[in-house]
Structure formats: C-alpha cells, structure tokens
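Here's entry_38.cif, which has mmCIF, N, CA and C atoms:
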```cif
data_final
loop_
_atom_site.label_atom_id
_atom_site.label_comp_id
_atom_site.auth_asym_id
_atom_site.auth_seq_id
_atom_site.Cartn_x
_atom_site.Cartn_y
_atom_site.Cartn_z
N LYS T 1 0.84 -1.19 0.00
CA LYS T 1 0.00 0.00 0.00
C LYS T 1 0.88 1.25 0.00
N THR T 2 0.40 2.22 -0.68
CA THR T 2 1.12 3.48 -0.67
C THR T 2 0.46 4.45 0.29
N ILE T 3 1.19 5.45 0.67
CA ILE T 3 0.67 6.46 1.59
C ILE T 3 -0.52 7.19 0.98
N ILE T 4 -0.46 7.45 -0.31
CA ILE T 4 -1.53 8.18 -0.98
C ILE T 4 -2.84 7.40 -0.94
N SER T 5 -2.81 6.11 -1.16
CA SER T 5 -4.04 5.33 -1.15
C SER T 5 -4.62 5.20 0.25
N GLU T 6 -3.80 5.33 1.27
CA GLU T 6 -4.28 5.23 2.64
C GLU T 6 -4.89 6.54 3.14
N LYS T 7 -4.52 7.64 2.50
CA LYS T 7 -5.02 8.94 2.95
C LYS T 7 -6.51 9.04 2.68
N LYS T 8 -7.25 9.34 3.70
CA LYS T 8 -8.69 9.50 3.54
C LYS T 8 -8.99 10.90 3.05
N GLU T 9 -9.98 10.98 2.17
CA GLU T 9 -10.42 12.28 1.69
C GLU T 9 -11.23 12.94 2.80
N SER T 10 -10.77 14.11 3.22
CA SER T 10 -11.53 14.82 4.24
C SER T 10 -12.63 15.61 3.57
N GLU T 11 -13.72 15.77 4.27
CA GLU T 11 -14.85 16.51 3.75
C GLU T 11 -14.53 18.00 3.75
N LYS T 12 -14.84 18.66 2.67
CA LYS T 12 -14.60 20.09 2.55
C LYS T 12 -15.84 20.84 3.05
N GLU T 13 -15.60 22.01 3.66
CA GLU T 13 -16.70 22.79 4.22
C GLU T 13 -16.59 24.24 3.75
N VAL T 14 -17.70 24.79 3.29
CA VAL T 14 -17.76 26.17 2.85
C VAL T 14 -18.81 26.87 3.71
N THR T 15 -18.50 28.07 4.20
CA THR T 15 -19.45 28.78 5.05
C THR T 15 -19.65 30.22 4.57
N LYS T 16 -20.82 30.74 4.87
CA LYS T 16 -21.16 32.15 4.63
C LYS T 16 -22.05 32.60 5.77
N LYS T 17 -21.93 33.89 6.12
CA LYS T 17 -22.83 34.49 7.10
C LYS T 17 -23.88 35.28 6.36
N ILE T 18 -25.13 35.17 6.82
CA ILE T 18 -26.19 35.98 6.25
C ILE T 18 -26.94 36.67 7.38
N LYS T 19 -27.68 37.71 7.01
CA LYS T 19 -28.52 38.41 7.97
C LYS T 19 -29.91 38.54 7.37
N LEU T 20 -30.91 38.17 8.15
CA LEU T 20 -32.30 38.29 7.74
C LEU T 20 -33.02 39.22 8.71
N LYS T 21 -33.84 40.12 8.15
CA LYS T 21 -34.54 41.09 8.99
C LYS T 21 -35.92 41.36 8.42
N THR T 22 -36.92 41.33 9.30
CA THR T 22 -38.28 41.68 8.91
C THR T 22 -38.99 42.29 10.11
N LEU T 23 -39.93 43.16 9.81
CA LEU T 23 -40.73 43.78 10.88
C LEU T 23 -42.16 43.22 10.89
N ALA T 24 -42.42 42.26 10.02
CA ALA T 24 -43.75 41.66 9.93
C ALA T 24 -44.08 40.86 11.19
N SER T 25 -45.36 40.81 11.52
CA SER T 25 -45.77 40.05 12.71
C SER T 25 -45.56 38.55 12.51
N SER T 26 -45.57 38.10 11.26
CA SER T 26 -45.34 36.68 10.96
C SER T 26 -43.88 36.44 10.55
N GLY T 27 -43.00 37.29 11.00
CA GLY T 27 -41.59 37.24 10.60
C GLY T 27 -40.89 35.93 10.90
N LEU T 28 -41.15 35.36 12.06
CA LEU T 28 -40.49 34.09 12.43
C LEU T 28 -40.88 32.99 11.45
N THR T 29 -42.15 32.91 11.10
CA THR T 29 -42.62 31.91 10.14
C THR T 29 -41.98 32.14 8.78
N GLN T 30 -41.89 33.40 8.35
CA GLN T 30 -41.28 33.72 7.06
C GLN T 30 -39.81 33.31 7.04
N ILE T 31 -39.08 33.61 8.10
CA ILE T 31 -37.66 33.28 8.17
C ILE T 31 -37.45 31.77 8.17
N LYS T 32 -38.31 31.04 8.88
CA LYS T 32 -38.22 29.57 8.87
C LYS T 32 -38.42 29.02 7.47
N GLU T 33 -39.35 29.60 6.71
CA GLU T 33 -39.59 29.16 5.33
C GLU T 33 -38.38 29.45 4.45
N ILE T 34 -37.77 30.61 4.64
CA ILE T 34 -36.60 30.99 3.86
C ILE T 34 -35.43 30.04 4.12
N LEU T 35 -35.28 29.60 5.37
CA LEU T 35 -34.14 28.77 5.77
C LEU T 35 -34.39 27.26 5.65
N ASN T 36 -35.50 26.87 5.07
CA ASN T 36 -35.88 25.46 5.00
C ASN T 36 -35.16 24.75 3.84
N PHE T 37 -33.96 24.22 4.14
CA PHE T 37 -33.15 23.46 3.16
C PHE T 37 -32.59 22.23 3.86
N ASN T 38 -32.53 21.11 3.13
CA ASN T 38 -32.00 19.86 3.69
C ASN T 38 -30.51 19.67 3.45
N GLU T 39 -29.99 20.23 2.35
CA GLU T 39 -28.62 19.93 1.96
C GLU T 39 -27.56 20.80 2.62
N ILE T 40 -27.96 21.71 3.52
CA ILE T 40 -27.00 22.57 4.21
C ILE T 40 -27.27 22.56 5.71
N GLU T 41 -26.30 23.06 6.47
CA GLU T 41 -26.45 23.19 7.92
C GLU T 41 -26.56 24.68 8.22
N ILE T 42 -27.51 25.03 9.08
CA ILE T 42 -27.74 26.44 9.42
C ILE T 42 -27.61 26.60 10.92
N LEU T 43 -26.78 27.57 11.33
CA LEU T 43 -26.59 27.88 12.75
C LEU T 43 -27.03 29.31 13.01
N TYR T 44 -27.81 29.53 14.07
CA TYR T 44 -28.24 30.87 14.45
C TYR T 44 -27.15 31.51 15.30
N LEU T 45 -26.70 32.70 14.90
CA LEU T 45 -25.63 33.39 15.61
C LEU T 45 -26.15 34.50 16.52
N GLY T 46 -27.40 34.88 16.37
CA GLY T 46 -27.98 35.97 17.17
C GLY T 46 -28.15 37.22 16.32
N SER T 47 -29.05 38.10 16.74
CA SER T 47 -29.32 39.38 16.06
C SER T 47 -29.64 39.20 14.58
N GLY T 48 -30.39 38.17 14.25
CA GLY T 48 -30.80 37.94 12.87
C GLY T 48 -29.71 37.40 11.97
N GLN T 49 -28.58 36.99 12.55
CA GLN T 49 -27.48 36.48 11.74
C GLN T 49 -27.43 34.95 11.80
N PHE T 50 -27.12 34.36 10.65
CA PHE T 50 -27.06 32.91 10.53
C PHE T 50 -25.77 32.52 9.81
N LEU T 51 -25.22 31.37 10.20
CA LEU T 51 -24.06 30.80 9.52
C LEU T 51 -24.56 29.63 8.68
N ILE T 52 -24.28 29.69 7.39
CA ILE T 52 -24.73 28.66 6.46
C ILE T 52 -23.51 27.81 6.10
N LYS T 53 -23.61 26.49 6.29
CA LYS T 53 -22.50 25.58 6.00
C LYS T 53 -22.91 24.57 4.94
N SER T 54 -22.02 24.38 3.98
CA SER T 54 -22.21 23.36 2.95
C SER T 54 -20.99 22.44 2.99
N LYS T 55 -21.23 21.13 2.98
CA LYS T 55 -20.13 20.17 3.01
C LYS T 55 -20.17 19.30 1.76
N GLY T 56 -19.00 18.88 1.32
CA GLY T 56 -18.92 18.01 0.15
C GLY T 56 -17.55 17.37 0.05
N GLN T 57 -17.41 16.45 -0.89
CA GLN T 57 -16.14 15.75 -1.08
C GLN T 57 -15.08 16.67 -1.67
N ASP T 58 -15.51 17.67 -2.44
CA ASP T 58 -14.55 18.65 -2.92
C ASP T 58 -15.10 20.06 -2.75
N TYR T 59 -14.19 21.00 -2.71
CA TYR T 59 -14.53 22.39 -2.43
C TYR T 59 -15.49 22.97 -3.47
N LYS T 60 -15.26 22.65 -4.74
CA LYS T 60 -16.06 23.21 -5.83
C LYS T 60 -17.53 22.82 -5.71
N LYS T 61 -17.80 21.55 -5.44
CA LYS T 61 -19.19 21.10 -5.31
C LYS T 61 -19.87 21.70 -4.08
N ALA T 62 -19.13 21.77 -2.98
CA ALA T 62 -19.69 22.37 -1.75
C ALA T 62 -20.01 23.83 -2.00
N ASN T 63 -19.14 24.54 -2.71
CA ASN T 63 -19.35 25.95 -3.00
C ASN T 63 -20.53 26.15 -3.95
N GLN T 64 -20.67 25.26 -4.94
CA GLN T 64 -21.80 25.35 -5.87
C GLN T 64 -23.13 25.16 -5.14
N THR T 65 -23.17 24.20 -4.23
CA THR T 65 -24.38 23.97 -3.44
C THR T 65 -24.71 25.19 -2.62
N LEU T 66 -23.70 25.76 -1.95
CA LEU T 66 -23.91 26.95 -1.12
C LEU T 66 -24.42 28.12 -1.96
N GLU T 67 -23.82 28.36 -3.10
CA GLU T 67 -24.23 29.48 -3.96
C GLU T 67 -25.67 29.29 -4.46
N ARG T 68 -26.02 28.05 -4.82
CA ARG T 68 -27.38 27.77 -5.28
C ARG T 68 -28.40 28.02 -4.17
N VAL T 69 -28.07 27.58 -2.96
CA VAL T 69 -28.96 27.76 -1.82
C VAL T 69 -29.10 29.25 -1.47
N LEU T 70 -27.99 29.99 -1.51
CA LEU T 70 -28.05 31.42 -1.22
C LEU T 70 -28.91 32.17 -2.23
N LEU T 71 -28.84 31.80 -3.50
CA LEU T 71 -29.69 32.42 -4.52
C LEU T 71 -31.17 32.14 -4.24
N GLU T 72 -31.47 30.90 -3.88
CA GLU T 72 -32.85 30.53 -3.56
C GLU T 72 -33.33 31.28 -2.31
N MET T 73 -32.46 31.43 -1.30
CA MET T 73 -32.82 32.18 -0.10
C MET T 73 -33.12 33.64 -0.44
N LYS T 74 -32.32 34.21 -1.33
CA LYS T 74 -32.52 35.59 -1.74
C LYS T 74 -33.87 35.76 -2.43
N ASP T 75 -34.22 34.82 -3.31
CA ASP T 75 -35.51 34.85 -4.00
C ASP T 75 -36.67 34.72 -3.01
N ARG T 76 -36.55 33.78 -2.09
CA ARG T 76 -37.60 33.59 -1.08
C ARG T 76 -37.75 34.83 -0.21
N SER T 77 -36.63 35.46 0.14
CA SER T 77 -36.67 36.67 0.96
C SER T 77 -37.40 37.79 0.24
N LYS T 78 -37.10 37.94 -1.04
CA LYS T 78 -37.74 38.99 -1.84
C LYS T 78 -39.25 38.78 -1.89
N LYS T 79 -39.69 37.54 -2.08
CA LYS T 79 -41.11 37.22 -2.16
C LYS T 79 -41.82 37.50 -0.83
N ASN T 80 -41.12 37.30 0.29
CA ASN T 80 -41.71 37.49 1.61
C ASN T 80 -41.43 38.87 2.21
N HIS T 81 -40.80 39.75 1.44
CA HIS T 81 -40.46 41.12 1.89
C HIS T 81 -39.60 41.09 3.14
N VAL T 82 -38.59 40.23 3.12
CA VAL T 82 -37.62 40.10 4.21
C VAL T 82 -36.28 40.61 3.70
N ASP T 83 -35.61 41.45 4.50
CA ASP T 83 -34.28 41.94 4.11
C ASP T 83 -33.28 40.80 4.20
N PHE T 84 -32.53 40.59 3.12
CA PHE T 84 -31.54 39.52 3.04
C PHE T 84 -30.19 40.15 2.73
N GLU T 85 -29.18 39.79 3.52
CA GLU T 85 -27.85 40.35 3.30
C GLU T 85 -26.81 39.27 3.54
N ILE T 86 -25.84 39.17 2.62
CA ILE T 86 -24.70 38.27 2.82
C ILE T 86 -23.61 39.11 3.46
N ILE T 87 -23.11 38.66 4.60
CA ILE T 87 -22.09 39.40 5.34
C ILE T 87 -20.73 38.93 4.88
N GLU T 88 -19.98 39.83 4.28
CA GLU T 88 -18.63 39.50 3.82
C GLU T 88 -17.66 39.65 4.98
N LYS T 89 -16.66 38.79 5.00
CA LYS T 89 -15.70 38.80 6.11
C LYS T 89 -14.73 39.95 5.97
#
```
Please re-express this file's structure in structure tokens.
Amino acid sequence: KTIISEKKESEKEVTKKIKLKTLASSGLTQIKEILNFNEIEILYLGSGQFLIKSKGQDYKKANQTLERVLLEMKDRSKKNHVDFEIIEK
C-alpha cells in the first residue's frame, strides 16, 4: 500500500454568514420558510445572523451547493419582503 491510497479524503466545508430582517408580525414563520433546506447546515448566531455551511467531497461542489442555496434564499426573501444580506468577512 502506498501512503496516498491510505489517505482518507476529508470533507470540505464552505461557510457564509447571512442576515435576515423583517418587521412583519409573521416574521419568524417567514424566516423559517426561507431557511428550509435539507442539503445545508444552518446555525443561528444571534441578532438575525445565521451561519450557512455546505459540506462536500470537494470544495467546488460544496461551494456550488452553497451558492445555489443562497440564490434561492434571496428569492424567497424577496417574495416574503424580508431583508436579506450576505455578510462579507
């Protein structure tokens, strides 16, 4: 066996921070609908900020999944009149 064949492929992780804000009385329900995705992990950071994580076998696929999900979140936010912002580091 060679060292290369024994090396396990580690899972790649891509993250982005987003901020969602609404003044609607049904805001919590709207935000839950916007964040309803199975293929990503979402962590609440406080003050309307969320950390979105996408994992995959390679960086490119994880990043593509994250970008697709962020676009869908942006569209859902627009439909529900919720402010959507991607926080750059």
Applying the PyMOL selection byres (((chain T and resi 81 and name CA) around 12) and name CA) to the file I just gave you, which residues come out? Please list them as a PDB file with N, CA and C atoms, in the frame of the given file.
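Everything below was put into selection25.pdb:
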```
ATOM      1  N   LEU T  20     -30.910  38.170   8.150  1.00  0.00           N
ATOM      2  CA  LEU T  20     -32.300  38.290   7.740  1.00  0.00           C
ATOM      3  C   LEU T  20     -33.020  39.220   8.710  1.00  0.00           C
ATOM      4  N   LYS T  21     -33.840  40.120   8.150  1.00  0.00           N
ATOM      5  CA  LYS T  21     -34.540  41.090   8.990  1.00  0.00           C
ATOM      6  C   LYS T  21     -35.920  41.360   8.420  1.00  0.00           C
ATOM      7  N   THR T  22     -36.920  41.330   9.300  1.00  0.00           N
ATOM      8  CA  THR T  22     -38.280  41.680   8.910  1.00  0.00           C
ATOM      9  C   THR T  22     -38.990  42.290  10.110  1.00  0.00           C
ATOM     10  N   LEU T  23     -39.930  43.160   9.810  1.00  0.00           N
ATOM     11  CA  LEU T  23     -40.730  43.780  10.880  1.00  0.00           C
ATOM     12  C   LEU T  23     -42.160  43.220  10.890  1.00  0.00           C
ATOM     13  N   ALA T  24     -42.420  42.260  10.020  1.00  0.00           N
ATOM     14  CA  ALA T  24     -43.750  41.660   9.930  1.00  0.00           C
ATOM     15  C   ALA T  24     -44.080  40.860  11.190  1.00  0.00           C
ATOM     16  N   SER T  26     -45.570  38.100  11.260  1.00  0.00           N
ATOM     17  CA  SER T  26     -45.340  36.680  10.960  1.00  0.00           C
ATOM     18  C   SER T  26     -43.880  36.440  10.550  1.00  0.00           C
ATOM     19  N   GLY T  27     -43.000  37.290  11.000  1.00  0.00           N
ATOM     20  CA  GLY T  27     -41.590  37.240  10.600  1.00  0.00           C
ATOM     21  C   GLY T  27     -40.890  35.930  10.900  1.00  0.00           C
ATOM     22  N   GLN T  30     -41.890  33.400   8.350  1.00  0.00           N
ATOM     23  CA  GLN T  30     -41.280  33.720   7.060  1.00  0.00           C
ATOM     24  C   GLN T  30     -39.810  33.310   7.040  1.00  0.00           C
ATOM     25  N   ILE T  31     -39.080  33.610   8.100  1.00  0.00           N
ATOM     26  CA  ILE T  31     -37.660  33.280   8.170  1.00  0.00           C
ATOM     27  C   ILE T  31     -37.450  31.770   8.170  1.00  0.00           C
ATOM     28  N   ILE T  34     -37.770  30.610   4.640  1.00  0.00           N
ATOM     29  CA  ILE T  34     -36.600  30.990   3.860  1.00  0.00           C
ATOM     30  C   ILE T  34     -35.430  30.040   4.120  1.00  0.00           C
ATOM     31  N   MET T  73     -32.460  31.430  -1.300  1.00  0.00           N
ATOM     32  CA  MET T  73     -32.820  32.180  -0.100  1.00  0.00           C
ATOM     33  C   MET T  73     -33.120  33.640  -0.440  1.00  0.00           C
ATOM     34  N   LYS T  74     -32.320  34.210  -1.330  1.00  0.00           N
ATOM     35  CA  LYS T  74     -32.520  35.590  -1.740  1.00  0.00           C
ATOM     36  C   LYS T  74     -33.870  35.760  -2.430  1.00  0.00           C
ATOM     37  N   ASP T  75     -34.220  34.820  -3.310  1.00  0.00           N
ATOM     38  CA  ASP T  75     -35.510  34.850  -4.000  1.00  0.00           C
ATOM     39  C   ASP T  75     -36.670  34.720  -3.010  1.00  0.00           C
ATOM     40  N   ARG T  76     -36.550  33.780  -2.090  1.00  0.00           N
ATOM     41  CA  ARG T  76     -37.600  33.590  -1.080  1.00  0.00           C
ATOM     42  C   ARG T  76     -37.750  34.830  -0.210  1.00  0.00           C
ATOM     43  N   SER T  77     -36.630  35.460   0.140  1.00  0.00           N
ATOM     44  CA  SER T  77     -36.670  36.670   0.960  1.00  0.00           C
ATOM     45  C   SER T  77     -37.400  37.790   0.240  1.00  0.00           C
ATOM     46  N   LYS T  78     -37.100  37.940  -1.040  1.00  0.00           N
ATOM     47  CA  LYS T  78     -37.740  38.990  -1.840  1.00  0.00           C
ATOM     48  C   LYS T  78     -39.250  38.780  -1.890  1.00  0.00           C
ATOM     49  N   LYS T  79     -39.690  37.540  -2.080  1.00  0.00           N
ATOM     50  CA  LYS T  79     -41.110  37.220  -2.160  1.00  0.00           C
ATOM     51  C   LYS T  79     -41.820  37.500  -0.830  1.00  0.00           C
ATOM     52  N   ASN T  80     -41.120  37.300   0.290  1.00  0.00           N
ATOM     53  CA  ASN T  80     -41.710  37.490   1.610  1.00  0.00           C
ATOM     54  C   ASN T  80     -41.430  38.870   2.210  1.00  0.00           C
ATOM     55  N   VAL T  82     -38.590  40.230   3.120  1.00  0.00           N
ATOM     56  CA  VAL T  82     -37.620  40.100   4.210  1.00  0.00           C
ATOM     57  C   VAL T  82     -36.280  40.610   3.700  1.00  0.00           C
ATOM     58  N   ASP T  83     -35.610  41.450   4.500  1.00  0.00           N
ATOM     59  CA  ASP T  83     -34.280  41.940   4.110  1.00  0.00           C
ATOM     60  C   ASP T  83     -33.280  40.800   4.200  1.00  0.00           C
ATOM     61  N   PHE T  84     -32.530  40.590   3.120  1.00  0.00           N
ATOM     62  CA  PHE T  84     -31.540  39.520   3.040  1.00  0.00           C
ATOM     63  C   PHE T  84     -30.190  40.150   2.730  1.00  0.00           C
TER      64      PHE T  84
END
```
Checklist line | Picked residues, the PyMOL selection byres (((chain T and resi 13-15 and name CA) around 10) and name CA), as a list in words | finding: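 Taken on the displayed file, the PyMOL selection byres (((chain T and resi 13-15 and name CA) around 10) and name CA) yields the residues Ser10, Glu11, Lys12, Lys16, Lys17, Ile18, Ile40, Glu41, Ile42, Leu51, Ile52, Lys53, Ser54, Lys55, Gly56, Gln57, Asp58, Tyr59, Lys60, Lys61, Ala62, Asn63, Gln64, Thr65, Leu66 and Glu67 of chain T.
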Note to self: For a test of reading the model, state the distance in Å between atom N of Glu88 (chain T) and CA of Thr29 (chain T), rounded to one decimal.
What the structure shows: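 Separation of atom N of Glu88 (chain T) and CA of Thr29 (chain T): 24.7 Å.
Here CA of Glu39 (chain T) is placed at a distance of 10.7 Å from CA of Arg68 (chain T).
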Checklist line | Among listed residues T:Asn38, T:Phe50, T:Ile86, T:Leu43, nearest Leu71 (chain T) (using only C-alpha atoms) | finding: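 Looking only at the distances to Leu71 (chain T), the closest residue turns out to be T:Ile86.
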Region 24-71 of chain T: which residues are strand (DSSP E or B) by DSSP, as a PDB file with N, CA and C atoms, in the coordinates of the input?
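Here's the written file out-v7.pdb:
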```
ATOM      1  N   GLU T  41     -26.300  23.060   6.470  1.00  0.00           N
ATOM      2  CA  GLU T  41     -26.450  23.190   7.920  1.00  0.00           C
ATOM      3  C   GLU T  41     -26.560  24.680   8.220  1.00  0.00           C
ATOM      4  N   ILE T  42     -27.510  25.030   9.080  1.00  0.00           N
ATOM      5  CA  ILE T  42     -27.740  26.440   9.420  1.00  0.00           C
ATOM      6  C   ILE T  42     -27.610  26.600  10.920  1.00  0.00           C
ATOM      7  N   LEU T  43     -26.780  27.570  11.330  1.00  0.00           N
ATOM      8  CA  LEU T  43     -26.590  27.880  12.750  1.00  0.00           C
ATOM      9  C   LEU T  43     -27.030  29.310  13.010  1.00  0.00           C
ATOM     10  N   TYR T  44     -27.810  29.530  14.070  1.00  0.00           N
ATOM     11  CA  TYR T  44     -28.240  30.870  14.450  1.00  0.00           C
ATOM     12  C   TYR T  44     -27.150  31.510  15.300  1.00  0.00           C
ATOM     13  N   LEU T  45     -26.700  32.700  14.900  1.00  0.00           N
ATOM     14  CA  LEU T  45     -25.630  33.390  15.610  1.00  0.00           C
ATOM     15  C   LEU T  45     -26.150  34.500  16.520  1.00  0.00           C
ATOM     16  N   GLY T  46     -27.400  34.880  16.370  1.00  0.00           N
ATOM     17  CA  GLY T  46     -27.980  35.970  17.170  1.00  0.00           C
ATOM     18  C   GLY T  46     -28.150  37.220  16.320  1.00  0.00           C
ATOM     19  N   GLN T  49     -28.580  36.990  12.550  1.00  0.00           N
ATOM     20  CA  GLN T  49     -27.480  36.480  11.740  1.00  0.00           C
ATOM     21  C   GLN T  49     -27.430  34.950  11.800  1.00  0.00           C
ATOM     22  N   PHE T  50     -27.120  34.360  10.650  1.00  0.00           N
ATOM     23  CA  PHE T  50     -27.060  32.910  10.530  1.00  0.00           C
ATOM     24  C   PHE T  50     -25.770  32.520   9.810  1.00  0.00           C
ATOM     25  N   LEU T  51     -25.220  31.370  10.200  1.00  0.00           N
ATOM     26  CA  LEU T  51     -24.060  30.800   9.520  1.00  0.00           C
ATOM     27  C   LEU T  51     -24.560  29.630   8.680  1.00  0.00           C
ATOM     28  N   ILE T  52     -24.280  29.690   7.390  1.00  0.00           N
ATOM     29  CA  ILE T  52     -24.730  28.660   6.460  1.00  0.00           C
ATOM     30  C   ILE T  52     -23.510  27.810   6.100  1.00  0.00           C
ATOM     31  N   LYS T  53     -23.610  26.490   6.290  1.00  0.00           N
ATOM     32  CA  LYS T  53     -22.500  25.580   6.000  1.00  0.00           C
ATOM     33  C   LYS T  53     -22.910  24.570   4.940  1.00  0.00           C
ATOM     34  N   SER T  54     -22.020  24.380   3.980  1.00  0.00           N
ATOM     35  CA  SER T  54     -22.210  23.360   2.950  1.00  0.00           C
ATOM     36  C   SER T  54     -20.990  22.440   2.990  1.00  0.00           C
ATOM     37  N   LYS T  55     -21.230  21.130   2.980  1.00  0.00           N
ATOM     38  CA  LYS T  55     -20.130  20.170   3.010  1.00  0.00           C
ATOM     39  C   LYS T  55     -20.170  19.300   1.760  1.00  0.00           C
ATOM     40  N   GLY T  56     -19.000  18.880   1.320  1.00  0.00           N
ATOM     41  CA  GLY T  56     -18.920  18.010   0.150  1.00  0.00           C
ATOM     42  C   GLY T  56     -17.550  17.370   0.050  1.00  0.00           C
TER      43      GLY T  56
END
```
Notebook entry, point to check: How far is it from atom C of Gln49 (chain T) to CA of Ser25 (chain T), in Å with one decimal?
Noted result: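 Value for the atom C of Gln49 (chain T)-CA of Ser25 (chain T) distance: 19.1 Å.
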Margin query: I need the residues in chain T that are helix (DSSP H, G or I) according to DSSP; give them as a PyMOL selection string.
Written below: chain T and resi 3-6+27-34+59-79
